[in-house]
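Novice: Quick one: the structure is below, questions incoming.
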Amino acid sequence: MPSRSPASPSRTVLAELAAGGVLLSLPALFIQRVLAAPAAFVPAALLVYLAIAVLVAWHFPAGRGLGAANRVTLARSALVSLIAAGLVDPAWLAGVAHGLVGMAVVALLADGLDGWVARRTGTQSDFGARFDMELDAFLILVLACCVIAMGRAGAWVIAIAAMRYLFVAAMWPWPWLAAPLPESRRRKAVCVWQVAGLVLALSPSVSLQLAAAVLASALALLAWSFALDLRWLYRRARQPA
């Protein structure tokens, strides 16, 4: 996320963030009642959403409304919160694997919708792009944890999610890594394949051998993509000012 804004977000933005939490409680309670989710499911979903909402409020540009595109991203964050909440009980999560896959597919298909809305409404912003990117990274982390918790693959899968956060952490000792990267369809395609690969691996219809192969390809493509970006950033940093 960008650095903190010098002023607090408007009351309207805070009200919309709070409303999102209230609306999230409805499907969470439905899942708990109909699918016999564990008692901790609803509080966990709300806590994950609360953490996201606090980060949004902390970094949101002052003097602006949330906007249609950010509302779409916020709705996706609610869906991601529901998926993450399933981790409170891996055995229950495995029993509702088809529902989990369905929610993950919706989250995958909705990726890019916020950008389309932003372009259609002329509300593109650096914050919106970063919000979308960070939510994608968190979704990948959640899905990787689900794959491991459900025994669909080994702990090595966490590398798919960790690479992004290790890259951000490396910016502290090597500030040249924080330079903006040019737009890249390759980077977006690799991100989509990461999520798609994790979703496929979660499906009970996919064998463990195929799941491992798909996830290995996602990790290899991600490593290749990061290597290209690192080379570009390194060369840029070595260029004379």
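Chains: A, B, ... in order of the structure tokens. Residues: from 1 per chain. Ligands: from 1, in order shown.
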Go through segment 13-110 of chain A and flag each residue having an atom no more than 8 Å from segment 147-166 of chain A; for those, report the closest pair of atoms plus their distance in Å to one decimal, using only C-alpha atoms, ordered by chain and rising number, as a Markdown table.
Specialist:
```
| residue | atom | partner | partner_atom | distance |
| --- | --- | --- | --- | --- |
| A:Leu87 | CA | A:Ala149 | CA | 7.3 |
| A:Pro90 | CA | A:Ala149 | CA | 5.6 |
| A:Ala91 | CA | A:Met150 | CA | 7.2 |
| A:Leu93 | CA | A:Met150 | CA | 7.3 |
| A:Ala94 | CA | A:Met150 | CA | 5.7 |
```
Novice: Write out as number ranges by chain the set of residues from segment 49-234 of chain A that DSSP, computed on the backbone, places in alpha helix (DSSP H).
Specialist: A: 49-59, 68-85, 90-95, 97-110, 113-121, 126-149, 158-170, 185-202, 208-234
Novice: What's around Leu177 of chain A at 12 Å? Count only C-alpha atoms, leave out sequence neighbours fewer than 3 positions away in its own chain, and write the answer as JSON, numbers by chain.
Specialist: {"A": [166, 167, 168, 169, 170, 171, 172, 173, 174, 180, 181, 226, 229, 230, 231, 232, 233, 234, 235, 236, 237, 238]}
Novice: With a distance cut-off of 12 Å and only C-alpha atoms, select the neighbouring residues of Gln124 of chain A, excluding the residue or stretch itself and same-chain residues fewer than 5 positions from it, and output the selection as a CSV table (one decimal) with N, CA and C atoms, in the first residue's frame.
Specialist:
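Written file, out_3.csv:
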```
chain,number,residue,atom,x,y,z
A,66,LEU,N,-14.8,6.9,-2.0
A,66,LEU,CA,-14.3,5.5,-2.3
A,66,LEU,C,-14.3,5.3,-3.8
A,67,GLY,N,-15.4,5.6,-4.5
A,67,GLY,CA,-15.5,5.4,-5.9
A,67,GLY,C,-15.9,4.0,-6.3
A,68,ALA,N,-16.5,3.9,-7.5
A,68,ALA,CA,-17.1,2.6,-7.9
A,68,ALA,C,-16.0,1.5,-8.0
A,69,ALA,N,-14.8,1.8,-8.6
A,69,ALA,CA,-13.8,0.8,-8.8
A,69,ALA,C,-13.3,0.2,-7.5
A,70,ASN,N,-13.1,1.1,-6.5
A,70,ASN,CA,-12.6,0.7,-5.2
A,70,ASN,C,-13.7,-0.1,-4.5
A,114,ASP,N,-12.5,-4.3,-11.5
A,114,ASP,CA,-12.3,-3.0,-10.9
A,114,ASP,C,-11.6,-2.1,-11.8
A,115,GLY,N,-10.6,-2.6,-12.5
A,115,GLY,CA,-9.8,-1.8,-13.4
A,115,GLY,C,-10.7,-1.4,-14.6
A,116,TRP,N,-11.6,-2.3,-15.1
A,116,TRP,CA,-12.5,-1.9,-16.2
A,116,TRP,C,-13.5,-0.9,-15.7
A,117,VAL,N,-14.0,-1.0,-14.5
A,117,VAL,CA,-14.9,0.0,-13.9
A,117,VAL,C,-14.2,1.4,-13.8
A,118,ALA,N,-12.9,1.3,-13.3
A,118,ALA,CA,-12.2,2.6,-13.2
A,118,ALA,C,-12.0,3.3,-14.5
A,119,ARG,N,-11.7,2.5,-15.6
A,119,ARG,CA,-11.5,3.1,-16.9
A,119,ARG,C,-12.8,3.6,-17.4
A,129,ALA,N,-5.0,1.0,-8.0
A,129,ALA,CA,-4.2,0.0,-8.6
A,129,ALA,C,-3.4,-0.8,-7.6
A,130,ARG,N,-2.9,0.0,-6.6
A,130,ARG,CA,-2.2,-0.7,-5.5
A,130,ARG,C,-3.1,-1.6,-4.6
A,131,PHE,N,-4.3,-1.1,-4.4
A,131,PHE,CA,-5.3,-1.9,-3.6
A,131,PHE,C,-5.6,-3.2,-4.3
A,132,ASP,N,-5.8,-3.1,-5.6
A,132,ASP,CA,-6.1,-4.3,-6.4
A,132,ASP,C,-4.9,-5.3,-6.4
```
Novice: Please measure the separation of atom CA of Ala97 of chain A and atom CA of Leu198 of chain A, giving the value in Å to one decimal.
Specialist: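 Going from atom CA of Ala97 of chain A over to atom CA of Leu198 of chain A covers 12.5 Å.
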Novice: Would you kindly return, as a PDB file with N, CA, C and O atoms, in the first residue's frame, each protein, DNA or RNA residue with an atom no farther than 7 Å from any atom of Ala85 of chain A, considering only C-alpha atoms and excluding same-chain residues fewer than 2 positions away?
Specialist:
```pdb
ATOM      1  N   PHE A  41     -15.958 -19.327  12.341  1.00  0.00           N
ATOM      2  CA  PHE A  41     -15.926 -18.900  10.936  1.00  0.00           C
ATOM      3  C   PHE A  41     -16.339 -17.439  10.777  1.00  0.00           C
ATOM      4  O   PHE A  41     -15.634 -16.661  10.127  1.00  0.00           O
ATOM      5  N   ALA A  44     -13.867 -14.949  12.291  1.00  0.00           N
ATOM      6  CA  ALA A  44     -12.628 -14.936  11.508  1.00  0.00           C
ATOM      7  C   ALA A  44     -12.797 -14.131  10.228  1.00  0.00           C
ATOM      8  O   ALA A  44     -11.925 -13.338   9.858  1.00  0.00           O
ATOM      9  N   ALA A  45     -13.928 -14.327   9.535  1.00  0.00           N
ATOM     10  CA  ALA A  45     -14.183 -13.574   8.301  1.00  0.00           C
ATOM     11  C   ALA A  45     -14.228 -12.076   8.587  1.00  0.00           C
ATOM     12  O   ALA A  45     -13.662 -11.266   7.839  1.00  0.00           O
ATOM     13  N   SER A  81     -12.067 -12.628   2.317  1.00  0.00           N
ATOM     14  CA  SER A  81     -12.197 -12.808   3.762  1.00  0.00           C
ATOM     15  C   SER A  81     -12.947 -14.096   4.085  1.00  0.00           C
ATOM     16  O   SER A  81     -12.610 -14.814   5.033  1.00  0.00           O
ATOM     17  N   LEU A  82     -13.986 -14.402   3.306  1.00  0.00           N
ATOM     18  CA  LEU A  82     -14.744 -15.637   3.511  1.00  0.00           C
ATOM     19  C   LEU A  82     -13.877 -16.860   3.250  1.00  0.00           C
ATOM     20  O   LEU A  82     -13.941 -17.856   3.984  1.00  0.00           O
ATOM     21  N   ILE A  83     -13.084 -16.793   2.189  1.00  0.00           N
ATOM     22  CA  ILE A  83     -12.194 -17.913   1.875  1.00  0.00           C
ATOM     23  C   ILE A  83     -11.172 -18.100   2.994  1.00  0.00           C
ATOM     24  O   ILE A  83     -10.918 -19.221   3.455  1.00  0.00           O
ATOM     25  N   LEU A  87      -9.952 -21.330   6.888  1.00  0.00           N
ATOM     26  CA  LEU A  87      -8.729 -21.906   7.424  1.00  0.00           C
ATOM     27  C   LEU A  87      -8.811 -22.195   8.913  1.00  0.00           C
ATOM     28  O   LEU A  87      -7.924 -22.869   9.454  1.00  0.00           O
ATOM     29  N   VAL A  88      -9.845 -21.705   9.599  1.00  0.00           N
ATOM     30  CA  VAL A  88      -9.983 -21.995  11.032  1.00  0.00           C
ATOM     31  C   VAL A  88     -10.234 -23.481  11.259  1.00  0.00           C
ATOM     32  O   VAL A  88     -10.002 -23.985  12.371  1.00  0.00           O
TER      33      VAL A  88
END
```
Novice: Sort by chain and increasing residue number a table of all residues of segment 44-115 of chain A within 8 Å of segment 12-24 of chain A, each with its closest pair of atoms and their distance in Å to one decimal, counting only C-alpha atoms, and write it as a tab-separated table.
Specialist:
```
residue	atom	partner	partner_atom	distance
A:Leu46	CA	A:Gly21	CA	6.6
A:Tyr49	CA	A:Gly21	CA	6.8
A:Leu50	CA	A:Gly21	CA	7.3
A:Ala53	CA	A:Leu17	CA	6.1
A:Ala57	CA	A:Leu14	CA	7.0
A:Gly65	CA	A:Val13	CA	6.0
A:Leu66	CA	A:Val13	CA	5.6
A:Leu74	CA	A:Gly20	CA	7.6
A:Ala75	CA	A:Gly20	CA	7.4
A:Ala78	CA	A:Leu24	CA	6.1
```
Novice: Export N, CA and C atoms of the chosen residues as a compact mmCIF listing (two decimals), in the first residue's frame?
Specialist:
```txt
# COMPACT_ATOMS: atom_id res chain seq x y z
N LEU A 46 -14.90 -11.70 9.67
CA LEU A 46 -15.01 -10.29 10.01
C LEU A 46 -13.67 -9.70 10.43
N TYR A 49 -11.64 -9.12 7.26
CA TYR A 49 -12.15 -7.94 6.57
C TYR A 49 -11.78 -6.67 7.33
N LEU A 50 -11.86 -6.71 8.66
CA LEU A 50 -11.51 -5.54 9.47
C LEU A 50 -10.07 -5.13 9.24
N ALA A 53 -9.96 -3.42 5.93
CA ALA A 53 -10.61 -2.11 6.00
C ALA A 53 -9.74 -1.09 6.72
N ALA A 57 -8.42 2.36 5.13
CA ALA A 57 -8.66 3.65 5.78
C ALA A 57 -7.35 4.36 6.10
N GLY A 65 -13.77 10.33 -2.36
CA GLY A 65 -14.71 9.27 -2.06
C GLY A 65 -14.14 7.92 -2.46
N LEU A 66 -14.76 6.87 -2.00
CA LEU A 66 -14.25 5.53 -2.29
C LEU A 66 -14.28 5.25 -3.79
N LEU A 74 -13.28 -3.71 -2.92
CA LEU A 74 -13.68 -3.97 -1.54
C LEU A 74 -14.62 -5.17 -1.47
N ALA A 75 -15.51 -5.30 -2.46
CA ALA A 75 -16.39 -6.47 -2.51
C ALA A 75 -15.57 -7.74 -2.69
N ALA A 78 -14.12 -8.82 0.56
CA ALA A 78 -15.07 -9.54 1.40
C ALA A 78 -15.09 -11.02 1.02
```
Novice: Could you check which of A:Arg186, A:Val80, A:Val34, A:Trp176 is closest to Gln239 of chain A, using only C-alpha atoms?
Specialist: A:Trp176
Novice: Measuring atom to atom with only C-alpha atoms, identify which of A:Leu35, A:Val72, A:Ala212, A:Ile140 is nearest to Gln194 of chain A.
Specialist: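 For Gln194 of chain A, the nearest of the candidates is A:Ile140.
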